[in-house]
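Asker: See coords.cif below, with mmCIF, C-alpha atoms.
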data_start
#
loop_
_atom_site.label_atom_id
_atom_site.label_comp_id
_atom_site.auth_asym_id
_atom_site.auth_seq_id
_atom_site.Cartn_x
_atom_site.Cartn_y
_atom_site.Cartn_z
CA MET A 305 -7.53 -14.99 19.13
CA VAL A 306 -9.83 -12.22 20.39
CA VAL A 307 -8.44 -8.71 20.09
CA VAL A 308 -10.02 -6.09 22.36
CA GLY A 309 -9.42 -2.46 23.30
CA ALA A 310 -8.39 -1.05 19.92
CA PRO A 311 -10.06 2.01 18.35
CA PRO A 312 -12.85 1.11 15.92
CA GLY A 313 -11.62 0.48 12.38
CA SER A 314 -8.12 -0.54 13.45
CA ALA A 315 -6.38 -2.86 10.97
CA VAL A 316 -5.41 -6.23 12.44
CA TYR A 317 -2.65 -8.47 11.07
CA VAL A 318 -1.53 -11.89 12.22
CA ASP A 319 1.84 -12.96 10.83
CA ASN A 320 1.60 -9.89 8.54
CA ILE A 321 -1.61 -11.18 6.93
CA SER A 322 -4.63 -8.88 7.08
CA ARG A 323 -7.41 -10.28 9.25
CA GLY A 324 -9.88 -7.39 9.00
CA VAL A 325 -10.62 -4.36 11.15
CA THR A 326 -11.97 -3.95 14.66
CA SER A 327 -15.70 -3.35 15.11
CA ALA A 328 -17.42 -0.36 16.73
CA ASP A 329 -16.62 -1.72 20.20
CA GLY A 330 -12.94 -2.11 19.33
CA THR A 331 -12.93 -5.91 19.09
CA ILE A 332 -12.31 -8.56 16.45
CA ARG A 333 -12.21 -12.36 16.63
CA VAL A 334 -9.60 -14.09 14.46
CA SER A 335 -10.19 -17.80 14.03
CA GLY A 336 -8.43 -20.67 12.27
CA LEU A 337 -4.93 -19.81 13.50
CA LYS A 338 -2.26 -22.48 13.73
CA ALA A 339 -0.91 -23.43 17.14
CA GLY A 340 2.38 -21.92 18.21
CA LYS A 341 3.77 -18.41 18.24
CA ARG A 342 1.82 -15.87 16.18
CA LEU A 343 2.81 -12.25 15.53
CA LEU A 344 0.07 -9.67 16.08
CA ARG A 345 0.13 -6.15 14.63
CA VAL A 346 -2.63 -3.55 15.02
CA SER A 347 -2.55 -0.15 13.33
CA ASN A 348 -4.76 2.88 12.91
CA GLU A 349 -4.05 6.28 11.38
CA GLY A 350 -2.99 8.79 14.04
CA TYR A 351 -1.86 6.11 16.51
CA THR A 352 1.42 4.41 17.28
CA GLU A 353 1.39 0.86 15.91
CA PHE A 354 0.89 -2.02 18.40
CA ASN A 355 3.03 -5.15 18.03
CA THR A 356 3.22 -8.28 20.17
CA SER A 357 3.49 -12.06 19.93
CA VAL A 358 0.89 -14.56 21.13
CA THR A 359 1.54 -18.24 21.82
CA ALA A 360 -1.34 -20.72 22.03
CA LYS A 361 -2.16 -24.42 21.73
CA ASP A 362 -4.71 -26.06 19.42
CA GLY A 363 -8.24 -25.25 20.58
CA GLU A 364 -7.09 -22.52 22.95
CA VAL A 365 -8.64 -19.04 22.80
CA ARG A 366 -6.34 -16.16 23.67
CA ARG A 367 -7.66 -12.69 24.57
CA VAL A 368 -5.30 -9.84 23.72
CA VAL A 369 -5.82 -6.35 25.10
CA VAL A 370 -4.47 -3.80 22.62
CA GLN A 371 -3.39 -0.33 23.64
CA LEU A 372 -2.90 2.13 20.79
CA THR A 373 -1.54 5.48 21.88
CA PRO A 374 -2.01 8.64 19.84
CA GLY A 375 0.95 9.36 17.61
CA GLU A 376 3.25 12.31 17.93
CA THR A 377 1.34 15.56 17.73
CA LYS A 378 2.41 17.76 14.86
CA ALA A 379 1.27 21.05 13.46
CA SER A 380 -1.83 20.51 11.38
CA LEU A 381 -1.50 20.82 7.64
CA PRO A 382 -4.11 22.60 5.51
CA ASN A 383 -6.36 20.27 3.57
CA GLU A 384 -5.98 22.30 0.38
CA ILE A 385 -3.16 24.51 -0.87
CA ASP A 386 -2.27 26.23 -4.15
CA VAL A 387 1.03 25.39 -5.79
CA ASN A 388 0.56 26.25 -9.45
CA GLY A 389 -2.97 24.92 -9.05
CA PRO A 390 -5.08 23.51 -6.20
CA MET A 391 -3.61 20.56 -4.32
CA LEU A 392 -5.17 18.26 -1.72
CA LEU A 393 -3.64 16.74 1.41
CA VAL A 394 -3.34 12.96 1.59
CA GLY A 395 -2.61 12.24 5.23
CA ALA A 396 0.19 10.00 6.44
CA GLY A 397 -0.55 6.40 7.26
CA GLU A 398 -0.95 2.89 6.01
CA PHE A 399 -3.20 1.75 3.16
CA ALA A 400 -3.89 -1.38 1.14
CA MET A 401 -2.24 -1.30 -2.29
CA GLY A 402 -2.97 -3.74 -5.08
CA ASP A 403 -5.77 -6.26 -5.48
CA ASP A 404 -5.91 -10.05 -5.20
CA ASN A 405 -9.12 -10.52 -7.20
CA HIS A 406 -8.37 -9.08 -10.62
CA ASN A 407 -5.31 -8.91 -12.90
CA PRO A 408 -2.08 -10.79 -12.08
CA ASP A 409 0.06 -7.63 -12.01
CA GLU A 410 -2.14 -6.14 -9.27
CA LYS A 411 -1.22 -8.96 -6.86
CA PRO A 412 -0.55 -9.29 -4.02
CA SER A 413 -2.58 -6.82 -2.02
CA HIS A 414 -0.08 -5.39 0.43
CA ARG A 415 0.17 -2.69 3.07
CA VAL A 416 2.15 0.47 2.30
CA THR A 417 2.85 3.33 4.69
CA LEU A 418 3.31 6.81 3.26
CA PRO A 419 4.09 10.19 4.85
CA ASP A 420 1.89 13.26 4.29
CA PHE A 421 1.83 14.52 0.72
CA TYR A 422 -0.24 16.73 -1.55
CA ILE A 423 -1.60 15.81 -4.97
CA ASP A 424 -3.14 17.98 -7.68
CA LYS A 425 -6.90 18.23 -7.37
CA PHE A 426 -7.17 18.15 -11.17
CA GLU A 427 -5.16 16.85 -14.10
CA VAL A 428 -2.69 19.36 -15.53
CA THR A 429 -4.55 21.49 -18.08
CA ASN A 430 -3.65 22.91 -21.46
CA GLU A 431 -3.54 26.36 -19.92
CA GLN A 432 -1.09 25.33 -17.21
CA TYR A 433 1.13 23.40 -19.59
CA LYS A 434 1.27 26.28 -22.11
CA LYS A 435 2.64 28.58 -19.41
CA PHE A 436 5.43 26.05 -18.92
CA CYS A 437 6.12 25.88 -22.65
CA ASP A 438 6.17 29.66 -22.96
CA ALA A 439 8.50 30.05 -19.97
CA THR A 440 10.94 27.32 -21.05
CA HIS A 441 10.65 27.72 -24.85
CA ARG A 442 9.56 24.12 -25.07
CA PRO A 443 7.36 23.22 -28.06
CA CYS A 444 3.69 22.74 -27.27
CA PRO A 445 2.22 19.25 -27.77
CA ILE A 446 0.62 18.36 -31.08
CA ASN A 447 -3.17 18.69 -31.04
CA PRO A 448 -5.14 15.40 -31.08
CA TRP A 449 -6.69 14.26 -34.34
CA TRP A 450 -10.21 15.12 -33.25
CA ASP A 451 -9.50 18.81 -32.56
CA ASP A 452 -6.95 20.88 -34.51
CA HIS A 453 -7.29 23.70 -31.96
CA TYR A 454 -7.48 21.60 -28.81
CA MET A 455 -4.82 23.39 -26.79
CA ALA A 456 -5.85 26.92 -27.74
CA ASN A 457 -9.62 26.51 -27.56
CA HIS A 458 -9.86 24.26 -24.50
CA PRO A 459 -7.59 25.76 -21.82
CA ARG A 460 -9.34 23.86 -19.00
CA SER A 461 -9.10 20.44 -20.64
CA PRO A 462 -6.26 18.09 -19.66
CA VAL A 463 -3.07 18.34 -21.68
CA LEU A 464 -2.47 15.44 -24.08
CA GLY A 465 0.43 14.26 -26.19
CA VAL A 466 3.09 14.57 -23.48
CA SER A 467 5.81 12.00 -22.87
CA TRP A 468 6.86 10.87 -19.41
CA ASN A 469 9.88 13.16 -19.68
CA ASP A 470 7.65 16.10 -20.65
CA ALA A 471 5.44 15.49 -17.62
CA ASP A 472 8.44 15.15 -15.32
CA ALA A 473 9.93 18.40 -16.64
CA TYR A 474 6.68 20.29 -16.12
CA ALA A 475 6.29 19.02 -12.56
CA LYS A 476 9.80 20.13 -11.66
CA TRP A 477 9.26 23.54 -13.29
CA ALA A 478 6.07 23.96 -11.25
CA GLY A 479 7.94 23.22 -8.00
CA LYS A 480 6.50 19.74 -7.67
CA ARG A 481 7.12 16.20 -8.98
CA LEU A 482 5.25 13.29 -10.48
CA PRO A 483 3.44 11.16 -7.88
CA THR A 484 4.78 7.71 -7.10
CA GLU A 485 2.56 4.78 -8.01
CA GLU A 486 1.82 4.26 -4.31
CA GLU A 487 0.85 7.91 -3.82
CA TRP A 488 -1.40 7.89 -6.85
CA GLU A 489 -3.23 4.75 -5.73
CA LYS A 490 -3.72 5.95 -2.17
CA ALA A 491 -5.05 9.33 -3.33
CA ALA A 492 -7.44 7.59 -5.74
CA SER A 493 -8.69 4.74 -3.59
CA TRP A 494 -8.15 4.81 0.15
CA ASP A 495 -11.07 5.66 2.44
CA SER A 496 -9.18 6.35 5.66
CA ALA A 497 -12.35 6.76 7.73
CA ALA A 498 -13.63 3.31 6.78
CA GLN A 499 -10.11 1.83 6.48
CA LYS A 500 -11.23 0.44 3.14
CA LYS A 501 -10.09 0.50 -0.45
CA ARG A 502 -12.37 1.63 -3.23
CA GLN A 503 -12.32 -0.08 -6.63
CA TRP A 504 -13.16 3.24 -8.26
CA PRO A 505 -12.53 6.66 -6.69
CA TRP A 506 -16.22 6.99 -5.72
CA GLY A 507 -16.79 3.45 -4.45
CA ASP A 508 -17.15 -0.16 -5.60
CA ASN A 509 -19.88 0.31 -8.22
CA SER A 510 -18.88 0.69 -11.87
CA ASP A 511 -21.00 3.80 -12.45
CA THR A 512 -19.95 5.28 -15.80
CA SER A 513 -21.93 8.46 -15.09
CA ARG A 514 -19.31 9.47 -12.53
CA ALA A 515 -16.42 9.84 -14.98
CA ASN A 516 -15.55 10.60 -18.57
CA VAL A 517 -14.98 6.97 -19.49
CA ALA A 518 -16.19 4.00 -21.52
CA GLY A 519 -15.93 5.16 -25.09
CA THR A 520 -16.85 8.85 -25.07
CA GLN A 521 -15.72 10.96 -28.02
CA ARG A 522 -13.21 13.28 -26.36
CA THR A 523 -11.83 14.71 -23.13
CA THR A 524 -13.85 17.09 -20.98
CA ASP A 525 -12.69 20.09 -19.01
CA VAL A 526 -11.31 19.01 -15.63
CA GLY A 527 -13.66 18.96 -12.68
CA GLN A 528 -16.85 18.12 -14.60
CA PHE A 529 -17.53 14.99 -12.51
CA PRO A 530 -17.41 16.09 -8.85
CA ASN A 531 -19.52 13.08 -7.81
CA GLY A 532 -16.68 10.87 -9.04
CA ALA A 533 -14.09 12.40 -6.70
CA SER A 534 -11.74 10.24 -4.65
CA PRO A 535 -11.99 10.02 -0.84
CA TYR A 536 -9.54 12.93 -0.64
CA GLY A 537 -11.42 15.04 -3.17
CA ALA A 538 -9.18 14.53 -6.21
CA GLN A 539 -11.18 14.60 -9.43
CA ASP A 540 -10.89 12.77 -12.76
CA MET A 541 -8.72 10.01 -11.30
CA ALA A 542 -10.89 7.67 -13.36
CA GLY A 543 -11.21 8.37 -17.06
CA ASN A 544 -10.64 11.58 -19.03
CA VAL A 545 -6.90 11.02 -19.61
CA ALA A 546 -4.62 8.32 -18.26
CA GLU A 547 -1.88 9.65 -16.00
CA TRP A 548 1.87 9.14 -15.87
CA VAL A 549 3.32 8.21 -12.47
CA ASN A 550 6.92 7.95 -11.34
CA ALA A 551 7.28 4.18 -11.51
CA PHE A 552 8.62 1.57 -13.86
CA TYR A 553 6.24 -1.26 -14.75
CA GLN A 554 7.60 -3.92 -12.42
CA PRO A 555 6.00 -6.67 -10.29
CA TYR A 556 5.06 -5.96 -6.71
CA PRO A 557 7.14 -7.72 -4.02
CA GLY A 558 6.07 -11.35 -3.89
CA ASN A 559 4.49 -11.31 -7.36
CA GLN A 560 5.82 -14.05 -9.63
CA THR A 561 4.36 -12.65 -12.86
CA ASN A 562 6.82 -13.10 -15.71
CA SER A 563 6.05 -10.55 -18.42
CA PRO A 564 8.45 -9.27 -21.10
CA GLU A 565 6.85 -5.85 -20.68
CA MET A 566 8.06 -5.59 -17.09
CA GLY A 567 11.40 -4.09 -16.19
CA THR A 568 12.72 -0.63 -16.93
CA LYS A 569 11.51 -0.11 -20.49
CA ASN A 570 7.93 0.87 -19.62
CA ARG A 571 6.44 3.41 -17.23
CA VAL A 572 3.23 2.87 -15.29
CA VAL A 573 0.11 4.73 -16.39
CA ARG A 574 -2.94 4.99 -14.13
CA GLY A 575 -6.61 5.92 -14.19
CA GLY A 576 -8.00 4.81 -17.55
CA THR A 577 -9.08 7.10 -20.39
CA TYR A 578 -12.16 8.63 -21.99
CA LYS A 579 -12.01 5.91 -24.65
CA GLY A 580 -11.23 3.00 -22.36
CA ASP A 581 -13.39 0.50 -20.56
CA ILE A 582 -14.60 1.25 -17.02
CA GLU A 583 -12.51 -1.72 -15.82
CA ASP A 584 -9.35 0.09 -16.94
CA ALA A 585 -10.32 2.95 -14.62
CA ARG A 586 -10.30 0.81 -11.45
CA THR A 587 -7.98 2.29 -8.84
CA PRO A 588 -5.64 -0.77 -8.60
CA ARG A 589 -5.52 -1.20 -12.40
CA ARG A 590 -2.01 -0.93 -13.84
CA LEU A 591 -1.42 0.14 -17.43
CA PHE A 592 1.96 0.81 -19.01
CA HIS A 593 3.57 2.72 -21.86
CA THR A 594 7.04 3.48 -23.13
CA PRO A 595 8.34 6.79 -21.66
CA GLN A 596 8.27 8.32 -25.13
CA LEU A 597 5.27 8.54 -27.43
CA LEU A 598 5.10 5.92 -30.15
CA ASP A 599 5.65 6.90 -33.79
CA SER A 600 2.15 5.66 -34.60
CA GLU A 601 0.67 7.90 -31.90
CA LYS A 602 2.47 10.93 -33.31
CA LYS A 603 1.49 10.10 -36.88
CA ASN A 604 -2.18 9.51 -36.04
CA ARG A 605 -2.26 12.13 -33.28
CA ALA A 606 -3.88 9.48 -31.11
CA PHE A 607 -3.06 10.67 -27.61
CA LEU A 608 -4.56 9.34 -24.36
CA ILE A 609 -2.07 10.17 -21.60
CA GLY A 610 -1.78 13.26 -19.41
CA PHE A 611 -0.73 13.64 -15.77
CA ARG A 612 -1.05 15.37 -12.42
CA SER A 613 1.65 16.44 -9.94
CA ALA A 614 2.43 15.85 -6.27
CA ILE A 615 4.67 17.27 -3.56
CA SER A 616 5.81 15.92 -0.18
CA ALA A 617 4.39 17.82 2.78
CA ASP A 618 7.89 18.12 4.26
CA ASP A 619 9.40 19.53 1.06
CA PRO A 620 11.37 22.64 2.16
CA ARG A 621 9.89 24.70 -0.67
CA LEU A 622 6.39 23.89 0.52
CA GLN A 623 7.29 24.37 4.16
CA GLN A 624 8.53 27.87 3.33
CA ARG A 625 5.35 28.64 1.40
CA LEU A 626 3.29 27.50 4.39
CA GLY A 627 5.37 29.65 6.72
CA ARG A 628 6.78 26.79 8.79
CA SER A 629 9.60 27.72 11.12
CA GLY A 630 13.06 26.64 10.11
CA ALA A 631 12.13 26.09 6.50
CA THR A 632 14.65 27.15 3.90
CA PRO A 633 14.19 27.47 0.15
CA LYS A 634 15.40 24.64 -2.02
#
Represent the structure contained in this file as structure tokens.
Answerer:
Amino acid sequence: MVVVGAPPGSAVYVDNISRGVTSADGTIRVSGLKAGKRLLRVSNEGYTEFNTSVTAKDGEVRRVVVQLTPGETKASLPNEIDVNGPMLLVGAGEFAMGDDNHNPDEKPSHRVTLPDFYIDKFEVTNEQYKKFCDATHRPCPINPWWDDHYMANHPRSPVLGVSWNDADAYAKWAGKRLPTEEEWEKAASWDSAAQKKRQWPWGDNSDTSRANVAGTQRTTDVGQFPNGASPYGAQDMAGNVAEWVNAFYQPYPGNQTNSPEMGTKNRVVRGGTYKGDIEDARTPRRLFHTPQLLDSEKKNRAFLIGFRSAISADDPRLQQRLGRSGATPK
């Protein structure tokens, strides 16, 4: 099958299996297809998806002219906003989630379509979290073992020693929410211009100089590794602290992994840590933890998990802040 006429970089699927993207002239040749009726789908961000069926015999070459029309025009959203801290726009569209070449729980690679959303540019800091504690009379987290004055003396470092429930409560207090696992992975990995997934936020090379990772002694203030930013500009999505997301540790659809850790007892944690290996900081890498801190972690003050927040672009609270017509507070 020869697909022609699509915008460059359009994703091509036959029978819902990725076959690559169209070249600069808008074409792609897909070979090795079985005879009979095949389903063709072509998509590109900003365009209405193209779907058709193609029937061919063995040895036959079919040429398919694809027409992608621009999607519905909508008011442009700002690329960066401030909602209790800077947030970055992750535009609506499809991306490749998961990975077929690494750990079993990352399989299968599959396409996910998300609407517009914003994600924190940085991990939530000690300074931000203390404001929440002061306002809600919630106790501050225990300082880590390596710094008895971590929260007070390092206001721009990421908060540590928070449970999943603590992180969820902060996000709601700040007018936001925890990102879904899909949102986190897209914000960390998806290069929409190249229609390509990155293994680390900066690319496919395991460059430990681009993140606070691989056995360093402690966290750093957020934003110290701008050359390790994700395609959308989010920083520290590899290393520094691991990050809670709003997902249970469960297999992806079609994954037959049978693990006693999967189910509803563990939450997914993403992004690796300052102590962890660079492989744990890969964008598809899935880690997990009980929602509450372990007794051993509390006793030893050995904390590795923090978080960042997100908000849907169509959230009425955000729409009101942006001055959109018809928006009402929520």
Asker: For the provided coordinates, the residues matched by the PyMOL selection byres ((chain A and resi 360) around 6) should be stated as JSON, numbers by chain.
Answerer: {"A": [339, 340, 359, 361]}
Asker: Separation of CA of Glu353 (chain A) and CA of Gln371 (chain A), in Å?
Answerer: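 According to the coordinates, CA of Glu353 (chain A) and CA of Gln371 (chain A) are separated by 9.2 Å.
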Asker: Apply the PyMOL selection byres ((chain A and resi 408) around 12) to the file shown and report the selected residues as a ChimeraX atom specification.
Answerer: /A:402-407,409-413,554-556,558-563,588-590
Asker: Suppose a student applies the PyMOL selection byres ((chain A and resi 307) around 7) to this structure; what residues should they get, written as a PyMOL selection string?
Answerer: chain A and resi 305-306+308+331-333+367-370
Asker: Taking all atoms listed in the file into account, which of A:Asp599, A:Gly580, A:Tyr536, A:Gly336 comes nearest Asp495 (chain A)?
Answerer: A:Tyr536
Asker: Counting only C-alpha atoms, which residues of region 522-555 of chain A fall within 9 Å of region 442-459 of chain A, and what is the closest atom pair for each with its distance in Å at one decimal, ordered by chain and rising number, as a tab-separated table?
Answerer:
residue	atom	partner	partner_atom	distance
A:Arg522	CA	A:Trp450	CA	7.7
A:Thr524	CA	A:His458	CA	8.9
A:Asp525	CA	A:His458	CA	7.5
Asker: Do a neighbour search on region 566-571 of chain A at 8 Å with only C-alpha atoms, toss out local chain neighbours closer than 3 positions, and write the hits as number ranges by chain.
Answerer: A: 468, 548-555, 562-563, 592-595
Asker: How would the residues just picked look written out with C-alpha atoms as a JSON list (two decimals), in the frame of the given file?
Answerer:
[["chain", "number", "residue", "atom", "x", "y", "z"],
["A", 468, "TRP", "CA", 6.86, 10.87, -19.41],
["A", 548, "TRP", "CA", 1.87, 9.14, -15.87],
["A", 549, "VAL", "CA", 3.32, 8.21, -12.47],
["A", 550, "ASN", "CA", 6.92, 7.95, -11.34],
["A", 551, "ALA", "CA", 7.28, 4.18, -11.51],
["A", 552, "PHE", "CA", 8.62, 1.57, -13.86],
["A", 553, "TYR", "CA", 6.24, -1.26, -14.75],
["A", 554, "GLN", "CA", 7.60, -3.92, -12.42],
["A", 555, "PRO", "CA", 6.00, -6.67, -10.29],
["A", 562, "ASN", "CA", 6.82, -13.10, -15.71],
["A", 563, "SER", "CA", 6.05, -10.55, -18.42],
["A", 592, "PHE", "CA", 1.96, 0.81, -19.01],
["A", 593, "HIS", "CA", 3.57, 2.72, -21.86],
["A", 594, "THR", "CA", 7.04, 3.48, -23.13],
["A", 595, "PRO", "CA", 8.34, 6.79, -21.66]]
Asker: Give as a ChimeraX atom specification the set of residues within 12 Å of the point (-1.3, 22.6, -19.5), where distances use the file's coordinates and only C-alpha atoms.
Answerer: /A:388-389,426-438,444-445,454-456,458-466,470-471,474-475,478,525-526,610-613
Asker: With N, CA, C and O atoms as the target, complete region 590-609 of chain A and hand it back as a short mmCIF file (atom, residue, chain, number, x, y, z; two decimals), keeping the file's coordinate frame.
Answerer:
data_model
loop_
_atom_site.label_atom_id
_atom_site.label_comp_id
_atom_site.auth_asym_id
_atom_site.auth_seq_id
_atom_site.Cartn_x
_atom_site.Cartn_y
_atom_site.Cartn_z
N ARG A 590 -3.31 -1.40 -13.38
CA ARG A 590 -2.01 -0.93 -13.84
C ARG A 590 -1.94 -1.03 -15.36
O ARG A 590 -2.11 -2.10 -15.93
N LEU A 591 -1.69 0.10 -16.01
CA LEU A 591 -1.42 0.14 -17.43
C LEU A 591 0.03 0.57 -17.61
O LEU A 591 0.68 1.02 -16.65
N PHE A 592 0.56 0.44 -18.81
CA PHE A 592 1.96 0.81 -19.01
C PHE A 592 2.16 1.38 -20.41
O PHE A 592 1.34 1.15 -21.32
N HIS A 593 3.26 2.10 -20.58
CA HIS A 593 3.57 2.72 -21.86
C HIS A 593 5.06 3.04 -21.87
O HIS A 593 5.65 3.29 -20.81
N THR A 594 5.65 3.03 -23.03
CA THR A 594 7.04 3.48 -23.13
C THR A 594 7.12 4.94 -22.69
O THR A 594 6.15 5.69 -22.86
N PRO A 595 8.25 5.39 -22.12
CA PRO A 595 8.34 6.79 -21.66
C PRO A 595 8.09 7.80 -22.77
O PRO A 595 7.56 8.88 -22.52
N GLN A 596 8.48 7.43 -23.99
CA GLN A 596 8.27 8.32 -25.13
C GLN A 596 7.02 7.91 -25.91
O GLN A 596 6.61 6.75 -25.88
N LEU A 597 6.42 8.85 -26.60
CA LEU A 597 5.27 8.54 -27.43
C LEU A 597 5.69 7.67 -28.60
O LEU A 597 6.80 7.80 -29.13
N LEU A 598 4.81 6.79 -29.03
CA LEU A 598 5.10 5.92 -30.15
C LEU A 598 4.98 6.69 -31.47
O LEU A 598 4.23 7.68 -31.57
N ASP A 599 5.71 6.26 -32.48
CA ASP A 599 5.65 6.90 -33.79
C ASP A 599 4.23 6.88 -34.34
O ASP A 599 3.77 7.84 -34.96
N SER A 600 3.52 5.77 -34.11
CA SER A 600 2.15 5.66 -34.60
C SER A 600 1.23 6.67 -33.91
O SER A 600 0.32 7.22 -34.53
N GLU A 601 1.47 6.91 -32.62
CA GLU A 601 0.67 7.90 -31.90
C GLU A 601 0.90 9.30 -32.46
O GLU A 601 -0.04 10.09 -32.64
N LYS A 602 2.15 9.62 -32.74
CA LYS A 602 2.47 10.93 -33.31
C LYS A 602 1.87 11.09 -34.71
O LYS A 602 1.29 12.12 -35.04
N LYS A 603 1.99 10.04 -35.51
CA LYS A 603 1.49 10.10 -36.88
C LYS A 603 -0.03 10.26 -36.90
O LYS A 603 -0.58 11.07 -37.66
N ASN A 604 -0.72 9.48 -36.06
CA ASN A 604 -2.18 9.51 -36.04
C ASN A 604 -2.75 10.52 -35.05
O ASN A 604 -3.97 10.68 -34.97
N ARG A 605 -1.86 11.16 -34.32
CA ARG A 605 -2.26 12.13 -33.28
C ARG A 605 -3.28 11.51 -32.32
O ARG A 605 -4.26 12.12 -31.93
N ALA A 606 -2.99 10.26 -31.98
CA ALA A 606 -3.88 9.48 -31.11
C ALA A 606 -3.30 9.47 -29.70
O ALA A 606 -2.53 8.58 -29.33
N PHE A 607 -3.66 10.48 -28.93
CA PHE A 607 -3.06 10.67 -27.61
C PHE A 607 -4.09 10.39 -26.51
O PHE A 607 -5.23 10.82 -26.60
N LEU A 608 -3.65 9.70 -25.46
CA LEU A 608 -4.56 9.34 -24.36
C LEU A 608 -3.99 9.66 -22.98
O LEU A 608 -4.70 9.52 -21.99
N ILE A 609 -2.73 10.06 -22.90
CA ILE A 609 -2.07 10.17 -21.60
C ILE A 609 -1.78 11.62 -21.24
O ILE A 609 -1.25 12.38 -22.05
#
